[in-house]
Each structure stands twice: as C-alpha cells, then as structure tokens.
file query23.csv (CSV, C-alpha atoms and all ligand atoms)
chain,number,residue,atom,x,y,z
I,76,MET,CA,-21.7,-9.0,-16.4
I,77,SER,CA,-18.9,-7.5,-18.6
I,78,LEU,CA,-15.3,-8.3,-17.8
I,79,LEU,CA,-14.7,-4.7,-16.8
I,80,SER,CA,-17.4,-4.7,-14.2
I,81,GLN,CA,-16.1,-8.0,-12.8
I,82,TYR,CA,-12.8,-6.3,-12.4
I,83,GLY,CA,-14.3,-3.4,-10.5
I,84,TRP,CA,-15.2,-0.8,-13.1
I,85,ASN,CA,-17.6,1.7,-11.6
I,86,SER,CA,-19.3,5.0,-12.2
I,87,HIS,CA,-16.2,6.9,-11.0
I,88,PHE,CA,-14.2,5.6,-13.9
I,89,GLU,CA,-17.1,5.7,-16.3
I,90,GLN,CA,-17.4,9.4,-15.7
I,91,TYR,CA,-13.8,10.1,-16.7
I,92,TYR,CA,-13.8,7.6,-19.5
I,93,THR,CA,-16.7,9.3,-21.4
I,94,SER,CA,-14.3,12.1,-22.5
I,95,PHE,CA,-12.2,9.4,-24.3
I,96,LEU,CA,-15.0,7.6,-25.9
I,97,HIS,CA,-15.1,9.6,-29.1
I,98,GLN,CA,-11.4,8.9,-29.7
I,99,GLY,CA,-12.2,5.2,-29.9
I,100,LEU,CA,-10.1,4.4,-26.9
I,101,GLU,CA,-10.8,1.3,-24.8
I,102,ALA,CA,-10.9,1.1,-21.0
I,103,ALA,CA,-8.8,-1.5,-19.3
I,104,ARG,CA,-7.3,-2.3,-15.9
I,105,VAL,CA,-3.6,-2.9,-15.4
I,106,THR,CA,-3.1,-6.4,-13.9
I,107,ALA,CA,0.7,-6.8,-14.1
I,108,ILE,CA,3.7,-4.7,-14.8
I,109,ASN,CA,7.1,-6.0,-15.7
I,110,GLY,CA,9.5,-3.3,-16.6
I,111,TYR,CA,8.0,-1.7,-19.7
I,112,ASN,CA,5.6,-4.5,-20.3
I,113,HIS,CA,2.2,-4.1,-18.9
I,114,THR,CA,-0.6,-6.6,-18.9
I,115,ILE,CA,-4.1,-5.2,-19.1
I,116,ILE,CA,-7.6,-6.6,-19.0
I,117,SER,CA,-10.3,-5.1,-21.2
I,118,ASN,CA,-13.7,-6.4,-22.2
I,119,LYS,CA,-11.8,-8.4,-24.8
I,120,GLY,CA,-9.7,-10.2,-22.2
I,121,LEU,CA,-6.0,-10.0,-21.3
I,122,SER,CA,-3.5,-8.3,-23.6
I,123,ALA,CA,-0.1,-6.8,-23.6
I,124,ALA,CA,0.4,-3.1,-23.5
I,125,ILE,CA,3.1,-0.5,-23.5
I,126,LEU,CA,3.0,3.2,-22.5
I,127,ALA,CA,2.5,5.9,-25.1
I,128,GLY,CA,5.6,8.0,-25.3
I,129,THR,CA,3.6,11.2,-24.6
I,130,LEU,CA,2.3,9.6,-21.4
I,131,MET,CA,5.8,8.7,-20.2
I,132,ASN,CA,7.1,12.1,-20.9
I,133,SER,CA,4.3,14.1,-19.4
I,134,LYS,CA,3.8,12.3,-16.1
I,135,GLU,CA,5.7,11.9,-12.9
I,136,THR,CA,6.6,8.4,-11.9
I,137,TRP,CA,3.9,8.1,-9.3
I,138,GLU,CA,1.3,9.1,-11.9
I,139,LEU,CA,2.2,6.5,-14.4
I,140,PRO,CA,0.1,3.3,-14.5
I,141,LYS,CA,0.5,1.0,-11.5
I,142,VAL,CA,-1.1,-2.4,-10.9
I,143,GLY,CA,-4.8,-1.8,-10.2
I,144,ASP,CA,-5.0,1.4,-12.3
I,145,TRP,CA,-7.7,1.9,-14.9
I,146,VAL,CA,-6.3,3.2,-18.2
I,147,VAL,CA,-7.5,4.1,-21.6
I,148,CYS,CA,-5.7,2.5,-24.5
I,149,LYS,CA,-5.5,2.1,-28.2
I,150,PRO,CA,-5.5,-1.5,-29.5
I,151,TYR,CA,-2.6,-1.9,-32.0
I,152,ASP,CA,-1.8,-5.2,-33.6
I,153,ASP,CA,-1.4,-7.7,-30.7
I,154,GLN,CA,-0.5,-5.0,-28.3
I,155,SER,CA,-2.3,-2.0,-26.8
I,156,ILE,CA,-0.8,1.4,-26.2
I,157,ILE,CA,-1.8,3.0,-22.9
I,158,ILE,CA,-2.7,6.6,-23.6
I,159,ASP,CA,-3.8,7.8,-20.2
I,160,VAL,CA,-4.6,6.8,-16.6
I,161,LEU,CA,-8.1,7.5,-15.3
I,162,PRO,CA,-8.0,9.4,-11.9
I,163,ARG,CA,-7.5,7.0,-9.0
I,164,GLN,CA,-10.0,6.4,-6.3
I,165,ASN,CA,-7.1,5.8,-4.0
I,166,ALA,CA,-3.6,4.4,-4.0
I,167,ILE,CA,-1.3,2.8,-1.5
I,168,SER,CA,2.1,4.4,-1.4
I,169,ARG,CA,5.2,4.2,0.6
I,170,LYS,CA,8.2,6.3,1.3
I,171,LEU,CA,11.1,5.3,-0.8
I,172,PRO,CA,13.9,3.7,1.2
I,173,GLY,CA,16.7,6.1,1.9
I,174,ARG,CA,15.1,9.2,0.5
I,175,SER,CA,13.2,11.5,2.7
I,176,SER,CA,10.2,12.7,0.7
I,177,GLN,CA,9.9,10.6,-2.4
I,178,GLN,CA,7.0,8.3,-2.6
I,179,GLN,CA,6.3,5.2,-4.5
I,180,VAL,CA,2.8,4.1,-5.5
I,181,ILE,CA,2.5,0.4,-4.8
I,182,ALA,CA,-1.0,-0.3,-6.1
I,183,ALA,CA,-4.1,1.7,-7.1
I,184,ASN,CA,-7.8,1.6,-6.6
I,185,LEU,CA,-8.1,-0.7,-3.6
I,186,ASP,CA,-11.1,-1.6,-1.5
I,187,ALA,CA,-8.9,-2.7,1.4
I,188,ALA,CA,-5.3,-3.4,2.3
I,189,LEU,CA,-4.5,-6.7,3.9
I,190,ILE,CA,-1.7,-5.9,6.4
I,191,ILE,CA,0.1,-9.2,7.2
I,192,GLN,CA,2.4,-9.9,10.1
I,193,GLY,CA,4.0,-13.2,10.8
I,194,LEU,CA,3.6,-14.5,14.4
I,195,ASP,CA,7.1,-15.9,14.3
I,196,ARG,CA,9.7,-13.2,14.4
I,197,ASP,CA,7.8,-10.5,12.6
I,198,PHE,CA,5.1,-9.6,15.2
I,199,ASN,CA,5.7,-6.0,16.2
I,200,LEU,CA,2.9,-3.7,17.2
I,201,GLN,CA,5.0,-0.7,16.4
I,202,ARG,CA,5.5,-1.8,12.8
I,203,LEU,CA,1.8,-2.8,12.6
I,204,GLN,CA,0.7,0.7,13.6
I,205,ARG,CA,3.1,2.3,11.1
I,206,TYR,CA,1.4,0.2,8.4
I,207,LEU,CA,-2.0,1.2,9.7
I,208,GLN,CA,-1.2,4.8,9.8
I,209,GLN,CA,0.0,4.7,6.2
I,210,VAL,CA,-3.0,2.8,5.0
I,211,TYR,CA,-5.5,5.2,6.8
I,212,GLN,CA,-3.5,8.1,5.4
I,213,CYS,CA,-4.1,6.8,1.9
I,214,GLY,CA,-7.8,6.6,2.6
I,215,ILE,CA,-7.9,2.8,2.5
I,216,GLN,CA,-9.5,0.4,5.0
I,217,PRO,CA,-7.2,-2.1,6.6
I,218,VAL,CA,-7.7,-5.8,7.5
I,219,ILE,CA,-5.0,-7.1,9.8
I,220,ILE,CA,-3.9,-10.7,9.2
I,221,LEU,CA,-1.7,-12.4,11.8
I,222,ASN,CA,-0.2,-15.2,9.8
I,223,LYS,CA,1.9,-18.3,10.8
I,224,GLN,CA,-0.4,-19.0,13.8
I,225,ASP,CA,0.7,-22.6,13.6
I,226,LEU,CA,4.1,-21.5,14.9
I,227,VAL,CA,3.0,-20.2,18.2
I,228,ASP,CA,1.4,-21.7,21.3
I,229,ASP,CA,-1.3,-19.1,22.0
I,230,PRO,CA,-2.2,-17.2,18.8
I,231,GLU,CA,-5.2,-15.6,20.5
I,232,ALA,CA,-2.9,-13.8,22.9
I,233,TYR,CA,-1.3,-12.0,19.9
I,234,ARG,CA,-4.7,-11.1,18.5
I,235,ARG,CA,-5.7,-9.7,21.8
I,236,GLN,CA,-2.7,-7.4,21.9
I,237,VAL,CA,-3.7,-6.1,18.5
I,238,LEU,CA,-7.4,-5.7,19.5
I,239,GLU,CA,-6.2,-3.7,22.5
I,240,LEU,CA,-4.8,-1.0,20.2
I,241,GLY,CA,-8.5,-0.2,19.5
I,242,TYR,CA,-8.4,0.0,15.7
I,243,LYS,CA,-11.8,-0.7,14.3
I,244,CYS,CA,-10.8,-3.2,11.6
I,245,PRO,CA,-10.9,-6.9,11.4
I,246,VAL,CA,-8.0,-8.8,13.0
I,247,LEU,CA,-7.7,-12.4,11.6
I,248,LEU,CA,-5.5,-15.3,12.7
I,249,THR,CA,-4.4,-17.5,9.9
I,250,SER,CA,-1.9,-20.0,8.6
I,251,ALA,CA,-1.0,-19.6,4.9
I,252,LEU,CA,-0.3,-23.4,4.9
I,253,ASP,CA,-3.8,-24.3,6.0
I,254,ARG,CA,-6.0,-24.1,2.9
I,255,ALA,CA,-9.4,-24.8,4.6
I,256,GLN,CA,-8.9,-22.1,7.1
I,257,LEU,CA,-7.9,-19.6,4.4
I,258,GLU,CA,-11.1,-20.3,2.5
I,259,SER,CA,-13.2,-19.6,5.6
I,260,TRP,CA,-12.0,-16.0,6.0
I,261,THR,CA,-11.6,-15.2,2.3
I,262,SER,CA,-15.2,-15.9,1.7
I,263,GLN,CA,-16.1,-13.6,4.5
I,264,TYR,CA,-13.7,-10.7,3.9
I,265,LEU,CA,-12.7,-10.8,0.2
I,266,GLN,CA,-15.9,-9.9,-1.7
I,267,ALA,CA,-16.4,-10.4,-5.4
I,268,GLY,CA,-15.6,-7.4,-7.5
I,269,LYS,CA,-13.4,-5.8,-4.8
I,270,THR,CA,-9.7,-5.3,-4.9
I,271,PHE,CA,-7.3,-6.1,-2.0
I,272,ALA,CA,-3.5,-5.6,-1.7
I,273,LEU,CA,-1.2,-7.7,0.5
I,274,LEU,CA,1.1,-5.6,2.5
I,275,GLY,CA,3.8,-6.7,4.9
I,276,SER,CA,7.5,-7.1,5.5
I,277,SER,CA,9.5,-9.6,3.7
I,278,GLY,CA,9.0,-13.2,4.9
I,279,VAL,CA,5.6,-12.7,6.5
I,280,GLY,CA,4.0,-15.1,4.0
I,281,LYS,CA,2.5,-12.8,1.4
I,282,SER,CA,3.6,-14.9,-1.6
I,283,THR,CA,2.5,-18.1,0.2
I,284,LEU,CA,-0.9,-16.6,0.9
I,285,PHE,CA,-1.1,-15.2,-2.6
I,286,ASN,CA,-0.3,-18.6,-4.1
I,287,ALA,CA,-2.6,-20.5,-1.8
I,288,LEU,CA,-5.5,-18.1,-2.5
I,289,SER,CA,-5.0,-17.8,-6.2
I,290,GLY,CA,-3.9,-21.4,-6.8
I,291,ILE,CA,-7.2,-22.4,-8.3
I,292,VAL,CA,-7.1,-19.8,-11.0
I,293,ILE,CA,-4.3,-21.6,-12.7
I,294,GLN,CA,-5.9,-21.0,-16.0
I,295,LYS,CA,-5.9,-17.3,-15.6
I,296,GLU,CA,-2.3,-17.3,-14.4
I,297,GLY,CA,-1.6,-19.7,-17.3
I,298,ASN,CA,-3.0,-17.2,-19.7
I,299,LEU,CA,-0.9,-14.5,-18.2
I,300,SER,CA,2.3,-16.3,-18.3
I,301,THR,CA,1.8,-17.7,-21.8
I,302,PHE,CA,1.2,-14.2,-22.7
I,303,ASN,CA,4.4,-13.0,-21.1
I,304,ASN,CA,6.2,-15.9,-22.6
I,305,LYS,CA,5.8,-14.4,-26.0
I,306,GLY,CA,9.1,-12.8,-25.4
I,307,LYS,CA,10.8,-14.8,-22.8
I,308,HIS,CA,9.8,-16.2,-19.4
I,309,THR,CA,9.8,-13.5,-16.8
I,310,THR,CA,8.5,-13.3,-13.3
I,311,THR,CA,6.1,-10.5,-12.7
I,312,ALA,CA,7.1,-8.1,-10.0
I,313,ARG,CA,3.6,-7.2,-9.0
I,314,GLN,CA,0.3,-8.5,-10.2
I,315,LEU,CA,-3.4,-8.6,-9.7
I,316,VAL,CA,-5.3,-11.9,-10.0
I,317,MET,CA,-8.9,-12.7,-9.7
I,318,LEU,CA,-9.6,-15.3,-7.0
I,319,PRO,CA,-12.1,-18.1,-7.6
I,320,ASN,CA,-14.8,-16.1,-5.7
I,321,GLY,CA,-14.4,-13.1,-7.9
I,322,SER,CA,-12.4,-10.9,-5.6
I,323,MET,CA,-9.0,-9.5,-6.7
I,324,LEU,CA,-5.7,-9.7,-4.9
I,325,ILE,CA,-2.6,-7.7,-5.6
I,326,ASP,CA,0.7,-9.1,-4.4
I,327,SER,CA,3.6,-6.9,-3.7
I,328,PRO,CA,6.6,-9.0,-2.9
I,329,GLY,CA,9.8,-8.1,-1.3
I,330,MET,CA,8.8,-5.0,0.6
I,331,ARG,CA,11.6,-4.5,2.9
I,332,GLU,CA,10.9,-1.1,4.1
I,333,PHE,CA,7.6,0.7,4.5
I,334,GLY,CA,8.2,4.2,5.6
I,335,LEU,CA,5.5,6.8,6.3
I,336,THR,CA,4.9,9.3,3.6
I,337,ILE,CA,3.4,12.0,5.9
I,338,ASP,CA,4.4,15.4,4.5
I,339,ALA,CA,5.6,18.0,7.0
I,340,ASP,CA,3.5,20.7,5.2
I,341,GLU,CA,0.3,18.7,5.4
I,342,GLY,CA,0.4,18.9,9.2
I,343,VAL,CA,-1.4,15.5,9.5
I,344,SER,CA,-1.6,14.3,13.1
I,345,PHE,CA,-1.1,10.8,14.0
I,346,TYR,CA,-4.2,8.7,14.1
I,347,HIS,CA,-4.5,6.4,17.1
I,348,PRO,CA,-7.9,5.3,18.2
I,349,GLN,CA,-7.3,5.0,21.9
I,350,ILE,CA,-5.5,8.3,22.2
I,351,GLU,CA,-8.1,10.1,20.0
I,352,GLU,CA,-10.8,8.9,22.3
I,353,ARG,CA,-9.2,10.5,25.4
I,354,SER,CA,-7.8,13.6,23.8
I,355,ALA,CA,-11.2,15.2,23.6
I,356,ASN,CA,-10.9,15.8,27.4
I,357,CYS,CA,-7.4,17.3,27.3
I,358,ARG,CA,-7.3,20.9,28.6
I,359,PHE,CA,-5.5,22.2,25.5
I,360,ARG,CA,-6.9,21.5,22.1
I,361,ASP,CA,-3.4,21.1,20.6
I,362,CYS,CA,-2.2,18.9,23.5
I,363,THR,CA,0.7,16.7,22.4
I,364,HIS,CA,-0.1,14.3,25.4
I,365,GLN,CA,3.6,14.5,26.5
I,366,GLN,CA,3.8,16.9,29.4
I,367,GLU,CA,0.9,19.3,29.3
I,368,PRO,CA,-1.1,20.0,32.4
I,369,GLY,CA,-4.7,18.7,32.2
I,370,CYS,CA,-3.8,16.0,29.7
I,371,ALA,CA,-6.5,13.4,29.7
I,372,VAL,CA,-4.2,10.8,28.0
I,373,ILE,CA,-1.5,11.1,30.7
I,374,ALA,CA,-4.3,11.0,33.3
I,375,ALA,CA,-5.6,7.8,31.8
I,376,VAL,CA,-2.1,6.2,31.8
I,377,GLU,CA,-1.8,7.2,35.5
I,378,ALA,CA,-5.2,5.9,36.3
I,379,GLY,CA,-4.3,2.6,34.6
I,380,THR,CA,-7.2,2.8,32.1
I,381,LEU,CA,-4.8,3.3,29.2
I,382,PRO,CA,-2.1,0.6,29.0
I,383,VAL,CA,1.4,2.0,29.4
I,384,ASN,CA,2.6,0.1,26.4
I,385,VAL,CA,-0.1,1.5,24.2
I,386,TYR,CA,0.9,5.0,25.3
I,387,ARG,CA,4.6,4.3,24.9
I,388,ASN,CA,4.0,2.9,21.3
I,389,TYR,CA,2.0,6.0,20.5
I,390,LEU,CA,4.9,8.3,21.6
I,391,LYS,CA,7.4,6.2,19.5
I,392,LEU,CA,5.2,6.6,16.4
I,393,VAL,CA,4.8,10.3,17.0
I,394,ARG,CA,8.6,10.6,17.4
I,395,GLU,CA,9.0,8.7,14.1
I,396,GLN,CA,6.8,11.1,12.4
I,397,TYR,CA,8.7,14.1,13.8
I,398,HIS,CA,11.8,12.4,12.5
I,399,TYR,CA,10.4,12.2,9.1
I,400,GLN,CA,9.2,15.8,9.2
I,401,ALA,CA,12.6,16.9,10.4
I,402,SER,CA,14.3,15.0,7.6
I,403,SER,CA,12.2,16.7,4.9
I,404,MET,CA,12.7,20.1,6.6
I,405,GLU,CA,16.4,19.3,6.8
I,406,LYS,CA,16.3,18.7,3.1
I,407,LYS,CA,14.8,22.1,2.5
I,408,ARG,CA,17.5,23.7,4.7
I,409,MET,CA,20.2,21.8,2.7
I,410,ASP,CA,18.6,23.0,-0.5
I,411,GLN,CA,18.8,26.6,0.8
I,412,GLN,CA,22.4,26.1,1.9
I,413,PHE,CA,23.2,24.6,-1.5
I,414,GLY,CA,21.7,27.7,-3.2
I,415,LYS,CA,23.8,30.0,-1.0
I,416,LEU,CA,26.9,27.9,-1.7
I,417,SER,CA,26.5,28.0,-5.5
I,418,LYS,CA,26.0,31.7,-5.3
I,419,GLN,CA,29.2,32.0,-3.4
I,420,ILE,CA,31.0,29.8,-5.9
I,421,ASN,CA,29.6,31.9,-8.8
I,422,ALA,CA,30.8,35.1,-7.1
I,423,LEU,CA,34.2,33.6,-6.6
I,424,ARG,CA,34.3,32.5,-10.2
I,425,LYS,CA,33.7,36.0,-11.4
I,426,LYS,CA,36.3,37.4,-9.1
I,427,ARG,CA,38.9,34.9,-10.1
I,428,LYS,CA,37.7,34.9,-13.7
I,429,TYR,CA,37.6,31.1,-14.3
I,501,LIG,N1,4.7,-22.3,9.4
I,501,LIG,C1,4.3,-21.4,8.5
I,501,LIG,N2,5.2,-21.0,7.6
I,501,LIG,C2,4.7,-20.0,6.7
I,501,LIG,C3,3.4,-19.5,6.7
I,501,LIG,N3,3.2,-18.6,5.7
I,501,LIG,C4,4.4,-18.6,5.1
I,501,LIG,N4,5.3,-19.4,5.7
I,501,LIG,C5,6.7,-19.6,5.3
I,501,LIG,O1,7.4,-18.4,5.5
I,501,LIG,C6,8.4,-18.2,4.5
I,501,LIG,C7,8.3,-16.8,3.8
I,501,LIG,O2,7.0,-16.8,3.1
I,501,LIG,P1,6.8,-15.9,1.8
I,501,LIG,O3,5.5,-16.2,1.4
I,501,LIG,O4,7.9,-16.1,0.9
I,501,LIG,O5,6.9,-14.5,2.4
I,501,LIG,P2,6.7,-13.1,1.7
I,501,LIG,O6,6.0,-12.2,2.6
I,501,LIG,O7,6.1,-13.3,0.3
I,501,LIG,O8,8.2,-12.6,1.5
I,501,LIG,P3,8.8,-11.6,0.4
I,501,LIG,O9,8.5,-12.2,-1.0
I,501,LIG,O10,10.3,-11.5,0.7
I,501,LIG,O11,8.1,-10.3,0.6
I,501,LIG,C8,8.3,-19.4,3.5
I,501,LIG,O12,9.3,-20.3,3.9
I,501,LIG,C9,6.9,-19.9,3.8
I,501,LIG,O13,6.8,-21.2,3.5
I,501,LIG,C10,2.5,-20.0,7.7
I,501,LIG,O14,1.3,-19.7,7.9
I,501,LIG,N5,3.0,-21.0,8.6
I,502,ZN,ZN,-3.3,15.4,26.1
call {"tool": "encode", "arguments": {"input": "query23.csv", "output": "structure tokens"}}
result
Amino acid sequence: MSLLSQYGWNSHFEQYYTSFLHQGLEAARVTAINGYNHTIISNKGLSAAILAGTLMNSKETWELPKVGDWVVCKPYDDQSIIIDVLPRQNAISRKLPGRSSQQQVIAANLDAALIIQGLDRDFNLQRLQRYLQQVYQCGIQPVIILNKQDLVDDPEAYRRQVLELGYKCPVLLTSALDRAQLESWTSQYLQAGKTFALLGSSGVGKSTLFNALSGIVIQKEGNLSTFNNKGKHTTTARQLVMLPNGSMLIDSPGMREFGLTIDADEGVSFYHPQIEERSANCRFRDCTHQQEPGCAVIAAVEAGTLPVNVYRNYLKLVREQYHYQASSMEKKRMDQQFGKLSKQINALRKKRKY
C-alpha cells in the first residue's frame, strides 16, 4: 500500500488531483504546521514545505492548508512548495474567541472527532452538547471520551448522564494514565487509515492521551522533530501522527474556548436527539418548545418522560445560539450605523471644508 493511501488518500482527492497531474505536482498530506513551516507526507515520506506566495495571497485564512489537508506541491531542493489545497471532505472549525462571526479551521478531513471531557472538574453536559452540536454541524461523527475516570468513585454514573442525552455515538470511559485500557478502546474505535481529532477544553487530558497513544511511534515523531530541528527546536502547535495500528490522530492543544459557528443566515436549528424525537408530535411545525400550546416536548417534560434537566439544557443551548445570532446581527447593525456615521462625517467635512 502506498504511503498516501495509508494516510487516507481516497477517490475524492484523486478526482481533484488529476487536474494537477500534468503539471508534475505531487500530492501530500499536511501533518504539522508551525508558523510558516509545514510538514507534509507524500509517497516519498516526510518533508518540509512552505506555502506558495500566490496561494497565500489568493486565499482566506480558513482556506489555507491546515493539519489533515491534502495539498499539491512542487518538490524544490529539500523543501516543497505547496501550490494548492485539494477540496476538503470536511473540517472542524470553531468560533474565534471574542469575535462574533470569524471562524477558525482546526483540522481537516476527519473520520471522527474525539470529544474529551475530564471527570474531575471539567464534566459539563452543557459544554459537551456545545461540542456535539459543532461537530455535527461540521458533518463529522463524534466519539465522546470521558477521561480521568480514575479520579471519581462512580464513573459509570457520568457515562449514564451522557447516554441519557440520547446522542447516537459511542461514549467511552477512560484514564489517559492507564495504557492497557487505552489500547482496548483504540483498537476498537480508531481504525487504520482513518483520521481522528482530539477536541476538548484545556486540561482534560488531550496531550496526555495523545502522548500515550502515539508513544510507540517514537521513530516517526523522531523523524518529524529531527526534521524540524534543521532550523531550531520548536514545538509543533498542531500535528497529525500515525498510531501503531495505522489510525491517525490530530492533537489540538490549548483550546480554551470552543464557540459555536452557527451562522444566523443559515437558519440551522439546534440538533438534540431527545427533543427531535418528540417534536414530530408538536402541534406547530415551527414549535420552539418554549410556550406553544400542543407542544409535545413540554408535554413530555410534564409527564416525566423527558428529564427536566435535559429540557433545561436544551433551552440553554438554544439561548446560546440566539445569543450568537444576535451578536452577528448586532454586528451588521453596527456596520450600518458606522456607514451612516461616516456619511455624516463626510457631509460635515464638506460643509466645514476640512
Ligand atoms: N488522574 C488523571 N490525570 C490525568 C488523566 N489525563 C490527564 N491527566 C492529567 O491532567 C493534566 C492535564 O492534562 P493535559 O494532557 O495536559 O491536558 P490537555 O487537554 O492537553 O490540556 P491543554 O494542552 O491545555 O489543552 C495533567 O496533569 C495530566 O497528567 C487521567 O486520565 N487521570
Ligand atoms: Zn414543541
């Protein structure tokens, strides 16, 4: 099997790559990014790469290569030049902290996102659902990992709370410090040739998991760092490594905030399995399940068949989404106001002749 196919190359990318073949360009996958320095893997192995100036000037930030992207490049001395990015199958993105509608692509071309929560202080159903919503929104399958199970008395109770939410995805209990246990679920959930990204707040154990899982591929990491050491030693912000079983893992450290990137104009409704299930029986098709007569969701809460906390969480998440929408609408309103203001200032300028 070629290196490319081991790294997840498939007919989707092949199809776009054919138009570059005649230019003698190579296909490669981005495995690490460190400022301007990219590390890519092609059929020839790992190499360093930089972005072509034309690529940098013609693309928005979110379109530029990210870890997991497939690119076409021109080999040049001991370094390749990335000419273009092949269309993504998907990408996980997040809202940039502090700004209302900017989004940042975290990793591209994933088979699943591993959403990690720590069972110490991090466990929070609300936050978990926010991650789930974002991951589903990006068209990516989630796997929920409840880490640090060694720190609580009854880890199963936490898992039950998550299962109660009704999402149809695996929910695993683990301890990043317990190697044997890690191996049992990785062999089951992380399949060869597939790409997984670790998502979760700071301190949940992403790096610990990443190190424990990838620890055996020291040689590959060794290659990578010798390679980076050509210049000077640097730590890579985000990287993709192949695990011993042939699956690939992307680490994204230090994610302090993970905001939803739902766009007000897209009119995307909030996905919640248990609400969805009931809403089919609401009297109104556009029922918001908040005060409408004939609401099957409210009826289920009253009848005790839908747990109150599940319903309350749902309302909180919807409110959060409204808040996000309001802030981007607010932005538009401010833009308009600003437009008016600058017209007024121009008029004033003419009048006063300065
Ligand atoms: N007891 C216990 N401690 C853990 C476990 N996993 C991680 N830790 C500890 O939790 C702390 C934070 O772990 P990290 O792996 O650095 O967390 P992170 O998610 O990578 O954090 P950022 O890099 O800030 O995003 C470290 O002190 C780990 O040793 C676990 O399963 N059990
Ligand atoms: Zn309803």
call {"tool": "axis_aligned_box", "arguments": {"input": "query23.csv", "around": "ligand LIG 501 (chain I)", "padding_each_side": "5 Å", "output": "JSON"}}
result
{"center_x": 5.8, "center_y": -16.3, "center_z": 4.2, "size_x": 19.0, "size_y": 22.0, "size_z": 20.4}
call {"tool": "closest_residue", "arguments": {"input": "query23.csv", "among": "I:Tyr389, I:Trp84, I:Tyr211, I:Trp137", "to": "I:Thr363", "atoms": "only C-alpha atoms"}}
result
I:Tyr389
call {"tool": "closest_atom_pairs", "arguments": {"input": "query23.csv", "of": "chain I", "to": "ligand LIG 501 (chain I)", "cutoff": "7 Å", "atoms": "all atoms listed in the file", "output": "CSV"}}
result
residue,atom,partner,partner_atom,distance
I:Asn222,CA,I:LIG501,O14,5.1
I:Lys223,CA,I:LIG501,O14,3.3
I:Gln224,CA,I:LIG501,O14,6.2
I:Asp225,CA,I:LIG501,N5,5.7
I:Leu226,CA,I:LIG501,N1,5.6
I:Thr249,CA,I:LIG501,O14,6.4
I:Ser250,CA,I:LIG501,O14,3.3
I:Ala251,CA,I:LIG501,O14,3.8
I:Leu252,CA,I:LIG501,O14,5.0
I:Gly275,CA,I:LIG501,O6,6.4
I:Ser276,CA,I:LIG501,O11,5.9
I:Ser277,CA,I:LIG501,O11,3.5
I:Gly278,CA,I:LIG501,O5,3.5
I:Val279,CA,I:LIG501,O6,4.0
I:Gly280,CA,I:LIG501,O3,3.2
I:Lys281,CA,I:LIG501,O6,3.7
I:Ser282,CA,I:LIG501,O7,3.5
I:Thr283,CA,I:LIG501,O3,3.7
I:Leu284,CA,I:LIG501,O3,6.4
I:Pro328,CA,I:LIG501,O11,4.0
I:Gly329,CA,I:LIG501,O11,3.4
I:Met330,CA,I:LIG501,O11,5.3
call {"tool": "residues_around", "arguments": {"input": "query23.csv", "residues": "stretch 258-267 of chain I", "least_positions_apart": "3", "cutoff": "10 Å", "atoms": "all atoms listed in the file", "output": "number ranges by chain"}}
result
I: 81-83, 186-187, 189, 218, 245, 247-249, 253-255, 270-271, 287-288, 317-324
call {"tool": "residues_near_ligand", "arguments": {"input": "query23.csv", "ligand": "ligand ZN 502 (chain I)", "cutoff": "10 Å", "atoms": "all atoms listed in the file", "output": "list in words"}}
result
Ile350, Glu351, Arg353, Ser354, Ala355, Asn356, Cys357, Arg358, Phe359, Arg360, Asp361, Cys362, Thr363, His364, Gln365, Gln366, Glu367, Pro368, Gly369, Cys370, Ala371, Val372, Ile373, Ala374 and Ala375 of chain I
call {"tool": "decode", "arguments": {"input": "query23.csv", "residues": "stretch 80-91 of chain I", "atoms": "N, CA and C atoms", "output": "short mmCIF file (atom, residue, chain, number, x, y, z; two decimals), in the first residue's frame"}}
result
data_model
loop_
_atom_site.label_atom_id
_atom_site.label_comp_id
_atom_site.auth_asym_id
_atom_site.auth_seq_id
_atom_site.Cartn_x
_atom_site.Cartn_y
_atom_site.Cartn_z
N SER I 80 -2.05 6.20 0.55
CA SER I 80 -3.30 5.52 0.93
C SER I 80 -3.28 5.14 2.40
N GLN I 81 -2.10 4.87 2.93
CA GLN I 81 -2.04 4.62 4.38
C GLN I 81 -2.49 5.86 5.16
N TYR I 82 -2.23 7.02 4.57
CA TYR I 82 -2.59 8.27 5.24
C TYR I 82 -3.99 8.77 4.88
N GLY I 83 -4.75 7.92 4.19
CA GLY I 83 -6.16 8.26 3.99
C GLY I 83 -6.53 8.79 2.61
N TRP I 84 -5.59 8.76 1.67
CA TRP I 84 -5.87 9.19 0.29
C TRP I 84 -7.03 8.36 -0.27
N ASN I 85 -7.97 9.02 -0.93
CA ASN I 85 -9.09 8.27 -1.49
C ASN I 85 -9.55 8.87 -2.81
N SER I 86 -10.61 8.30 -3.37
CA SER I 86 -11.06 8.71 -4.71
C SER I 86 -11.51 10.17 -4.74
N HIS I 87 -11.99 10.68 -3.63
CA HIS I 87 -12.39 12.09 -3.58
C HIS I 87 -11.21 12.99 -3.96
N PHE I 88 -10.06 12.74 -3.32
CA PHE I 88 -8.89 13.58 -3.56
C PHE I 88 -8.27 13.27 -4.93
N GLU I 89 -8.28 12.00 -5.26
CA GLU I 89 -7.74 11.55 -6.56
C GLU I 89 -8.42 12.32 -7.69
N GLN I 90 -9.72 12.44 -7.58
CA GLN I 90 -10.53 13.10 -8.60
C GLN I 90 -10.07 14.56 -8.82
N TYR I 91 -9.78 15.27 -7.74
CA TYR I 91 -9.34 16.66 -7.88
C TYR I 91 -7.86 16.75 -8.27
#
